[in-house]
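Asks: File coords_36.tsv follows (TSV, C-alpha atoms):
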chain	number	residue	atom	x	y	z
A	706	ILE	CA	0.00	0.00	0.00
A	707	GLY	CA	1.36	3.41	-0.95
A	708	LEU	CA	-0.13	6.76	0.08
A	709	ALA	CA	0.82	9.99	-1.63
A	710	GLU	CA	1.22	13.30	0.20
A	711	GLY	CA	-1.88	14.28	2.15
A	712	ALA	CA	-3.81	11.07	1.40
A	713	SER	CA	-5.96	9.26	3.96
A	714	LEU	CA	-6.95	5.58	3.74
A	715	VAL	CA	-8.58	2.90	5.88
A	716	ALA	CA	-7.79	-0.53	4.43
A	717	GLY	CA	-8.31	-4.13	5.47
A	718	THR	CA	-9.07	-7.59	4.09
A	719	ALA	CA	-12.36	-9.26	3.22
A	720	ALA	CA	-11.62	-12.43	5.20
A	721	ALA	CA	-9.08	-14.07	7.47
A	722	GLU	CA	-5.87	-15.20	5.81
A	723	LYS	CA	-5.41	-18.98	6.11
A	724	ILE	CA	-2.00	-20.65	5.95
A	725	TYR	CA	-2.32	-24.40	5.44
A	726	ARG	CA	0.08	-27.29	6.00
A	727	SER	CA	3.27	-27.22	3.97
A	728	THR	CA	5.17	-30.32	2.95
A	729	GLY	CA	8.22	-28.28	2.02
A	730	PRO	CA	8.85	-24.57	1.56
A	731	ASP	CA	7.69	-21.67	3.71
A	732	THR	CA	4.78	-19.46	2.73
A	733	GLU	CA	6.24	-16.01	2.08
A	734	VAL	CA	4.13	-12.94	2.88
A	735	ASP	CA	5.51	-9.44	2.36
A	736	VAL	CA	3.59	-6.38	3.56
A	737	THR	CA	5.00	-3.02	2.45
A	738	LEU	CA	3.39	0.22	3.63
A	739	THR	CA	4.71	3.54	2.27
A	740	ILE	CA	3.09	6.67	3.71
A	741	GLY	CA	3.87	10.12	2.32
A	742	ALA	CA	4.02	13.51	3.99
A	743	ASP	CA	0.89	14.42	5.98
A	744	ALA	CA	-0.75	11.15	4.89
A	745	ARG	CA	-2.60	8.79	7.27
A	746	LEU	CA	-3.08	5.04	6.93
A	747	VAL	CA	-5.23	2.77	9.07
A	748	TRP	CA	-4.31	-0.84	8.15
A	749	LEU	CA	-6.65	-3.41	9.72
A	750	PRO	CA	-6.51	-6.81	8.03
A	751	GLN	CA	-8.40	-9.69	9.58
A	752	GLU	CA	-6.38	-12.30	11.43
A	753	THR	CA	-3.97	-14.80	9.92
A	754	ILE	CA	-4.91	-18.39	10.87
A	755	LEU	CA	-2.14	-20.98	10.94
A	756	PHE	CA	-3.07	-24.64	10.55
A	757	ASP	CA	-1.04	-27.55	11.91
A	758	ARG	CA	2.33	-27.90	10.15
A	759	ALA	CA	1.94	-24.56	8.39
A	760	ARG	CA	5.14	-22.66	7.65
A	761	LEU	CA	4.93	-18.87	7.44
A	762	ASN	CA	7.69	-16.31	6.93
A	763	ARG	CA	6.13	-12.83	7.09
A	764	ARG	CA	7.93	-9.53	6.59
A	765	ILE	CA	6.36	-6.15	7.31
A	766	ASP	CA	8.25	-3.09	6.06
A	767	ILE	CA	6.92	0.39	6.80
A	768	ASP	CA	8.32	3.64	5.43
A	769	LEU	CA	6.85	6.78	7.01
A	770	ALA	CA	7.49	10.34	5.95
A	771	GLY	CA	8.34	12.65	8.84
A	772	SER	CA	4.77	13.97	9.10
A	773	ALA	CA	2.94	10.74	8.21
A	774	SER	CA	0.77	8.77	10.64
A	775	LEU	CA	-0.15	5.10	10.90
A	776	LEU	CA	-2.39	2.90	13.00
A	777	MET	CA	-2.21	-0.80	12.20
A	778	ALA	CA	-3.07	-4.15	13.73
A	779	GLU	CA	-1.86	-7.62	12.76
A	780	ALA	CA	-3.29	-10.70	14.49
A	781	VAL	CA	-2.25	-14.36	14.29
A	782	VAL	CA	-4.23	-17.38	15.51
A	783	PHE	CA	-2.42	-20.69	15.93
A	784	GLY	CA	-5.18	-23.19	15.07
A	785	ARG	CA	-8.95	-22.88	15.26
A	786	ALA	CA	-9.92	-23.82	18.81
A	787	ALA	CA	-13.65	-23.70	18.00
A	788	MET	CA	-13.08	-26.43	15.39
A	789	GLY	CA	-10.97	-28.56	17.74
A	790	GLU	CA	-7.86	-27.78	15.71
A	791	ALA	CA	-4.41	-26.94	17.06
A	792	MET	CA	-1.11	-25.93	15.51
A	793	ASN	CA	1.07	-28.54	17.16
A	794	GLN	CA	4.02	-28.36	14.78
A	795	GLY	CA	5.15	-25.79	12.26
A	796	PHE	CA	7.16	-22.65	11.68
A	797	PHE	CA	6.32	-18.98	12.14
A	798	THR	CA	8.51	-15.92	11.84
A	799	ASP	CA	7.26	-12.34	11.86
A	800	ARG	CA	9.75	-9.57	11.05
A	801	TRP	CA	8.74	-5.88	11.43
A	802	ARG	CA	10.86	-2.90	10.37
A	803	VAL	CA	9.61	0.69	10.61
A	804	ARG	CA	11.48	3.67	9.19
A	805	ARG	CA	10.60	7.32	9.58
A	806	GLY	CA	12.28	9.72	7.18
A	807	GLY	CA	14.54	6.85	6.12
A	808	LYS	CA	15.77	6.17	9.67
A	809	LEU	CA	15.06	2.85	11.38
A	810	VAL	CA	12.88	3.56	14.45
A	811	TYR	CA	11.41	0.13	15.25
A	812	ALA	CA	12.62	-3.43	14.66
A	813	ASP	CA	10.95	-6.54	16.01
A	814	THR	CA	11.13	-10.22	15.10
A	815	ALA	CA	9.16	-13.15	16.54
A	816	ARG	CA	10.06	-16.75	15.70
A	817	LEU	CA	8.52	-20.11	16.65
A	818	ASP	CA	9.76	-23.37	15.17
A	819	GLY	CA	9.04	-27.03	15.78
A	820	ALA	CA	6.66	-27.97	18.62
A	821	ILE	CA	4.77	-24.68	18.59
A	822	ALA	CA	1.84	-25.67	20.85
A	823	GLU	CA	4.26	-27.01	23.45
A	824	LYS	CA	6.35	-23.83	23.35
A	825	MET	CA	3.31	-21.55	23.56
A	826	ALA	CA	2.16	-23.37	26.69
A	827	ALA	CA	5.13	-21.90	28.58
A	828	ARG	CA	4.28	-18.97	30.87
A	829	ALA	CA	7.05	-16.85	29.37
A	830	VAL	CA	5.63	-17.30	25.85
A	831	THR	CA	1.80	-17.15	25.82
A	832	ASN	CA	0.89	-19.29	28.85
A	833	GLY	CA	-1.26	-21.51	26.64
A	834	GLY	CA	-2.83	-18.71	24.61
A	835	ILE	CA	-3.17	-19.40	20.89
A	836	ALA	CA	-4.00	-15.93	19.58
A	837	ILE	CA	-1.68	-12.90	19.50
A	838	ALA	CA	-1.76	-9.44	17.98
A	839	THR	CA	0.36	-6.32	17.67
A	840	VAL	CA	-1.05	-2.80	17.32
A	841	LEU	CA	1.33	-0.07	16.17
A	842	ILE	CA	0.52	3.64	16.51
A	843	ALA	CA	2.82	6.22	14.92
A	844	PRO	CA	3.02	8.80	16.22
A	845	GLY	CA	1.93	7.48	19.60
A	846	GLY	CA	2.56	8.49	23.18
A	847	ASP	CA	1.03	8.97	26.61
A	848	ALA	CA	-2.51	9.52	25.31
A	849	ALA	CA	-2.53	6.09	23.65
A	850	LEU	CA	-1.20	4.50	26.84
A	851	GLU	CA	-3.93	6.05	28.97
A	852	GLN	CA	-6.74	5.16	26.55
A	853	VAL	CA	-5.76	1.49	26.37
A	854	ARG	CA	-4.86	1.07	30.05
A	855	ALA	CA	-8.24	2.49	31.06
A	856	LEU	CA	-9.82	-0.68	29.62
A	857	SER	CA	-7.67	-3.11	31.60
A	858	GLU	CA	-10.62	-4.55	33.57
A	859	THR	CA	-12.61	-5.35	30.42
A	860	PHE	CA	-10.12	-7.45	28.47
A	861	ALA	CA	-10.74	-11.17	27.92
A	862	GLY	CA	-7.01	-11.86	27.52
A	863	GLU	CA	-3.78	-10.02	28.31
A	864	VAL	CA	-3.02	-6.60	26.83
A	865	GLY	CA	0.06	-4.46	27.38
A	866	ILE	CA	1.12	-1.19	25.77
A	867	SER	CA	4.36	0.80	25.75
A	868	ALA	CA	5.46	4.05	24.13
A	869	TRP	CA	8.88	5.41	23.20
A	870	ASN	CA	10.43	7.52	20.41
A	871	SER	CA	6.98	8.78	19.32
A	872	LEU	CA	5.73	5.21	18.80
A	873	ALA	CA	3.20	3.20	20.80
A	874	VAL	CA	2.96	-0.58	20.55
A	875	ALA	CA	0.25	-2.72	22.11
A	876	ARG	CA	0.62	-6.49	22.48
A	877	LEU	CA	-2.37	-8.77	22.90
A	878	CYS	CA	-2.56	-12.44	23.84
A	879	ALA	CA	-5.72	-14.51	24.28
A	880	LYS	CA	-6.89	-18.08	24.70
A	881	ASP	CA	-8.64	-18.12	21.31
A	882	GLY	CA	-9.44	-16.03	18.26
A	883	ALA	CA	-12.81	-14.80	19.53
A	884	SER	CA	-11.30	-13.44	22.75
A	885	LEU	CA	-8.50	-11.80	20.81
A	886	ARG	CA	-10.93	-10.10	18.43
A	887	HIS	CA	-12.98	-8.82	21.40
A	888	ASP	CA	-9.90	-7.21	22.91
A	889	LEU	CA	-8.58	-5.93	19.59
A	890	ILE	CA	-11.87	-4.19	18.80
A	891	ALA	CA	-11.82	-2.55	22.25
A	892	VAL	CA	-8.23	-1.34	21.79
A	893	LEU	CA	-8.90	0.06	18.33
A	894	ALA	CA	-12.07	1.81	19.48
A	895	ALA	CA	-10.16	3.40	22.37
A	896	LEU	CA	-7.58	4.67	19.88
A	897	GLY	CA	-10.28	6.14	17.63
A	898	ALA	CA	-9.81	3.67	14.79
A	899	PRO	CA	-12.83	2.82	12.61
A	900	VAL	CA	-13.36	-0.91	13.11
A	901	PRO	CA	-14.27	-2.50	9.75
A	902	ARG	CA	-17.86	-3.76	9.57
A	903	LEU	CA	-16.60	-7.15	8.39
A	904	TRP	CA	-14.97	-7.60	11.82
A	905	LEU	CA	-18.38	-7.33	13.49
A	906	GLN	CA	-20.24	-9.94	11.43
Can you turn what I pasted into structure tokens?
Replies:
Amino acid sequence: IGLAEGASLVAGTAAAEKIYRSTGPDTEVDVTLTIGADARLVWLPQETILFDRARLNRRIDIDLAGSASLLMAEAVVFGRAAMGEAMNQGFFTDRWRVRRGGKLVYADTARLDGAIAEKMAARAVTNGGIAIATVLIAPGGDAALEQVRALSETFAGEVGISAWNSLAVARLCAKDGASLRHDLIAVLAALGAPVPRLWLQ
């Protein structure tokens, strides 16, 4: 997605993205967001669902002009609990790089390989949760922190938010996709983001 100077766009996807079992190579997904001066992008795709033995290598590259703004959310669900499905084995890597005015301001990489369900059961990983999300707000600061933290008693899962260098990043973890979506909608509403109608159906 590329926005020219002064443009404003809310974009998402029509359905969840499903990554099925691979017998060999990784699925490669590249997301590139380029946002020009004084432009604003709200990027709200529906969740990515990983099936057992799926292999996903996702890269997200964001290039912001100095006066650009972005609010985005990316969610991943490891198996469909409502269908009795789990992602027991597989591979998942998620690499984020954000540049403002050409300068790297945020870099984050998550990687799970092998016995994913077993690893996610650990308290230091997701404590058995199978649904995670990241919300990025740029620029973002104390106001975003206060708006999200004010909802702490209403969340179905765990939500944390931090801000630094004019960025705010919220992390969400839940026991299943439905709980994650509940919390994600609440976070986005608190941040003033228009939640796509497809999310509410």
Asks: Hey, which of A:Ala778, A:Ile842, A:Ala836, A:Leu714 ends up closest to Arg745 of chain A? Count all atoms listed in the file.
Replies: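 Smallest separation from Arg745 of chain A among the options: A:Leu714.
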Asks: Leaving out Ile740 of chain A and any residue of its chain fewer than 3 positions from it, which residues lie within 7 Å of it when counting all atoms listed in the file, given as a PyMOL selection string?
Replies: chain A and resi 707-709+744+768-770+773
Asks: Which residue gives the smallest distance to Ala849 of chain A among A:Ala875, A:Leu889, A:Ala791, A:Val803, with all atoms listed in the file counted?
Replies: A:Ala875
Asks: Point out the residue among A:Gly711, A:Gly771, A:Gly717, A:Pro730 with the least atom-to-atom distance to Pro750 of chain A, counting all atoms listed in the file.
Replies: A:Gly717
Asks: Taking all atoms listed in the file into account, name the residue in A:Gly741, A:Gly806, A:Gly833, A:Gly862 that is nearest to Ile706 of chain A.
Replies: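 That would be A:Gly741, the residue with the smallest distance to Ile706 of chain A.
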Asks: Using Å and a single decimal, report how far atom CA of Trp869 of chain A sits from atom CA of Ala848 of chain A.
Replies: 12.3 Å
Asks: Hey, what's within 9 Å of Thr718 of chain A if we count all atoms listed in the file and toss same-chain stuff fewer than 2 positions away? As an mmCIF file with C-alpha atoms, in the frame of the given file, please?
Replies:
data_model
loop_
_atom_site.group_PDB
_atom_site.id
_atom_site.type_symbol
_atom_site.label_atom_id
_atom_site.label_comp_id
_atom_site.auth_asym_id
_atom_site.auth_seq_id
_atom_site.Cartn_x
_atom_site.Cartn_y
_atom_site.Cartn_z
ATOM 1 C CA ALA A 716 -7.790 -0.530 4.430
ATOM 2 C CA ALA A 720 -11.620 -12.430 5.200
ATOM 3 C CA ALA A 721 -9.080 -14.070 7.470
ATOM 4 C CA GLU A 722 -5.870 -15.200 5.810
ATOM 5 C CA LEU A 749 -6.650 -3.410 9.720
ATOM 6 C CA PRO A 750 -6.510 -6.810 8.030
ATOM 7 C CA GLN A 751 -8.400 -9.690 9.580
ATOM 8 C CA LEU A 903 -16.600 -7.150 8.390
#
Asks: Mind giving me the straight-line distance from atom CA of Ala712 of chain A to atom CA of Arg902 of chain A in Å, one decimal?
Replies: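 Between atom CA of Ala712 of chain A and atom CA of Arg902 of chain A the gap works out to 22.0 Å.
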Asks: So which residues touch Gly795 of chain A within 10 Å, counting only C-alpha atoms, skipping near sequence neighbours fewer than 4 positions away, as a PDB file with C-alpha atoms, in the coordinates of the input?
Replies:
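For reference, around.pdb as written:
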ATOM      1  CA  ARG A 726       0.080 -27.290   6.000  1.00  0.00           C
ATOM      2  CA  SER A 727       3.270 -27.220   3.970  1.00  0.00           C
ATOM      3  CA  ASP A 731       7.690 -21.670   3.710  1.00  0.00           C
ATOM      4  CA  LEU A 755      -2.140 -20.980  10.940  1.00  0.00           C
ATOM      5  CA  PHE A 756      -3.070 -24.640  10.550  1.00  0.00           C
ATOM      6  CA  ASP A 757      -1.040 -27.550  11.910  1.00  0.00           C
ATOM      7  CA  ARG A 758       2.330 -27.900  10.150  1.00  0.00           C
ATOM      8  CA  ALA A 759       1.940 -24.560   8.390  1.00  0.00           C
ATOM      9  CA  ARG A 760       5.140 -22.660   7.650  1.00  0.00           C
ATOM     10  CA  LEU A 761       4.930 -18.870   7.440  1.00  0.00           C
ATOM     11  CA  PHE A 783      -2.420 -20.690  15.930  1.00  0.00           C
ATOM     12  CA  LEU A 817       8.520 -20.110  16.650  1.00  0.00           C
ATOM     13  CA  ASP A 818       9.760 -23.370  15.170  1.00  0.00           C
ATOM     14  CA  GLY A 819       9.040 -27.030  15.780  1.00  0.00           C
ATOM     15  CA  ALA A 820       6.660 -27.970  18.620  1.00  0.00           C
ATOM     16  CA  ILE A 821       4.770 -24.680  18.590  1.00  0.00           C
ATOM     17  CA  ALA A 822       1.840 -25.670  20.850  1.00  0.00           C
TER      18      ALA A 822
END
Asks: Using only C-alpha atoms, which of A:Ala780, A:Ala843, A:Gly897, A:Glu851 sits nearest Arg876 of chain A?
Replies: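 Nearest candidate to Arg876 of chain A out of A:Ala780, A:Ala843, A:Gly897, A:Glu851: A:Ala780.
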Asks: Would you pick out the contacts of Asp766 of chain A at 10 Å or less, using all atoms listed in the file, so that residues sharing its chain but fewer than 6 positions from it are not included, and give the list as a VMD selection string?
Replies: chain A and resid 735 to 739 800 to 804 812
Asks: Using C-alpha atoms, can you write the selected residues to a file as a PDB file, in the coordinates of the input?
Replies:
ATOM      1  CA  ASP A 735       5.510  -9.440   2.360  1.00  0.00           C
ATOM      2  CA  VAL A 736       3.590  -6.380   3.560  1.00  0.00           C
ATOM      3  CA  THR A 737       5.000  -3.020   2.450  1.00  0.00           C
ATOM      4  CA  LEU A 738       3.390   0.220   3.630  1.00  0.00           C
ATOM      5  CA  THR A 739       4.710   3.540   2.270  1.00  0.00           C
ATOM      6  CA  ARG A 800       9.750  -9.570  11.050  1.00  0.00           C
ATOM      7  CA  TRP A 801       8.740  -5.880  11.430  1.00  0.00           C
ATOM      8  CA  ARG A 802      10.860  -2.900  10.370  1.00  0.00           C
ATOM      9  CA  VAL A 803       9.610   0.690  10.610  1.00  0.00           C
ATOM     10  CA  ARG A 804      11.480   3.670   9.190  1.00  0.00           C
ATOM     11  CA  ALA A 812      12.620  -3.430  14.660  1.00  0.00           C
TER      12      ALA A 812
END
Asks: Find the residue from A:Trp748, A:His887, A:Ala787, A:Asp847 that sits nearest to Ala868 of chain A; use all atoms listed in the file when measuring.
Replies: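 Using all atoms listed in the file, Ala868 of chain A sits closest to A:Asp847.
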Asks: What is the atom CA of Asn762 of chain A-atom CA of Asp799 of chain A distance in Å, reported with one decimal?
Replies: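 Atom-to-atom, atom CA of Asn762 of chain A to atom CA of Asp799 of chain A, that is 6.3 Å.
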Asks: Please return as a PyMOL selection string every residue within 10 Å of (-3.0, -16.8, 15.3), taking into account all atoms listed in the file and the file's own coordinates.
Replies: chain A and resi 723+752-756+779-785+792+834-838+878-879+881-882+885
Asks: Excluding Pro844 of chain A and any residue of its chain fewer than 5 positions from it, enumerate the residues within 7 Å of it, using all atoms listed in the file, and give them as a PDB file with C-alpha atoms, in the coordinates of the input.
Replies:
ATOM      1  CA  SER A 774       0.770   8.770  10.640  1.00  0.00           C
ATOM      2  CA  SER A 871       6.980   8.780  19.320  1.00  0.00           C
ATOM      3  CA  LEU A 872       5.730   5.210  18.800  1.00  0.00           C
TER       4      LEU A 872
END
Asks: Please output segment 831-848 of chain A, rebuilt to include N, CA and C atoms, as an mmCIF file, in the frame of the given file.
Replies:
data_model
loop_
_atom_site.group_PDB
_atom_site.id
_atom_site.type_symbol
_atom_site.label_atom_id
_atom_site.label_comp_id
_atom_site.auth_asym_id
_atom_site.auth_seq_id
_atom_site.Cartn_x
_atom_site.Cartn_y
_atom_site.Cartn_z
ATOM 1 N N THR A 831 3.183 -17.640 25.799
ATOM 2 C CA THR A 831 1.800 -17.150 25.820
ATOM 3 C C THR A 831 0.965 -17.794 26.917
ATOM 4 N N ASN A 832 1.594 -18.633 27.744
ATOM 5 C CA ASN A 832 0.890 -19.290 28.850
ATOM 6 C C ASN A 832 -0.332 -20.069 28.363
ATOM 7 N N GLY A 833 -0.180 -20.701 27.193
ATOM 8 C CA GLY A 833 -1.260 -21.510 26.640
ATOM 9 C C GLY A 833 -2.189 -20.764 25.708
ATOM 10 N N GLY A 834 -2.026 -19.467 25.578
ATOM 11 C CA GLY A 834 -2.830 -18.710 24.610
ATOM 12 C C GLY A 834 -2.470 -19.103 23.191
ATOM 13 N N ILE A 835 -3.444 -19.030 22.277
ATOM 14 C CA ILE A 835 -3.170 -19.400 20.890
ATOM 15 C C ILE A 835 -3.420 -18.254 19.918
ATOM 16 N N ALA A 836 -3.688 -17.064 20.445
ATOM 17 C CA ALA A 836 -4.000 -15.930 19.580
ATOM 18 C C ALA A 836 -3.223 -14.706 20.056
ATOM 19 N N ILE A 837 -2.496 -14.058 19.148
ATOM 20 C CA ILE A 837 -1.680 -12.900 19.500
ATOM 21 C C ILE A 837 -1.915 -11.782 18.482
ATOM 22 N N ALA A 838 -1.638 -10.573 18.894
ATOM 23 C CA ALA A 838 -1.760 -9.440 17.980
ATOM 24 C C ALA A 838 -0.812 -8.336 18.402
ATOM 25 N N THR A 839 -0.436 -7.521 17.431
ATOM 26 C CA THR A 839 0.360 -6.320 17.670
ATOM 27 C C THR A 839 -0.373 -5.142 17.052
ATOM 28 N N VAL A 840 -0.481 -4.055 17.812
ATOM 29 C CA VAL A 840 -1.050 -2.800 17.320
ATOM 30 C C VAL A 840 0.052 -1.756 17.382
ATOM 31 N N LEU A 841 0.292 -1.086 16.259
ATOM 32 C CA LEU A 841 1.330 -0.070 16.170
ATOM 33 C C LEU A 841 0.681 1.279 15.895
ATOM 34 N N ILE A 842 1.038 2.290 16.686
ATOM 35 C CA ILE A 842 0.520 3.640 16.510
ATOM 36 C C ILE A 842 1.703 4.576 16.320
ATOM 37 N N ALA A 843 1.726 5.290 15.203
ATOM 38 C CA ALA A 843 2.820 6.220 14.920
ATOM 39 C C ALA A 843 2.248 7.490 14.282
ATOM 40 N N PRO A 844 2.390 8.643 14.918
ATOM 41 C CA PRO A 844 3.020 8.800 16.220
ATOM 42 C C PRO A 844 2.100 8.335 17.353
ATOM 43 N N GLY A 845 2.701 7.938 18.449
ATOM 44 C CA GLY A 845 1.930 7.480 19.600
ATOM 45 C C GLY A 845 2.674 7.808 20.875
ATOM 46 N N GLY A 846 1.917 8.121 21.926
ATOM 47 C CA GLY A 846 2.560 8.490 23.180
ATOM 48 C C GLY A 846 1.670 8.249 24.366
ATOM 49 N N ASP A 847 1.724 9.158 25.349
ATOM 50 C CA ASP A 847 1.030 8.970 26.610
ATOM 51 C C ASP A 847 -0.488 8.851 26.454
ATOM 52 N N ALA A 848 -1.054 9.582 25.488
ATOM 53 C CA ALA A 848 -2.510 9.520 25.310
ATOM 54 C C ALA A 848 -2.950 8.117 24.939
#
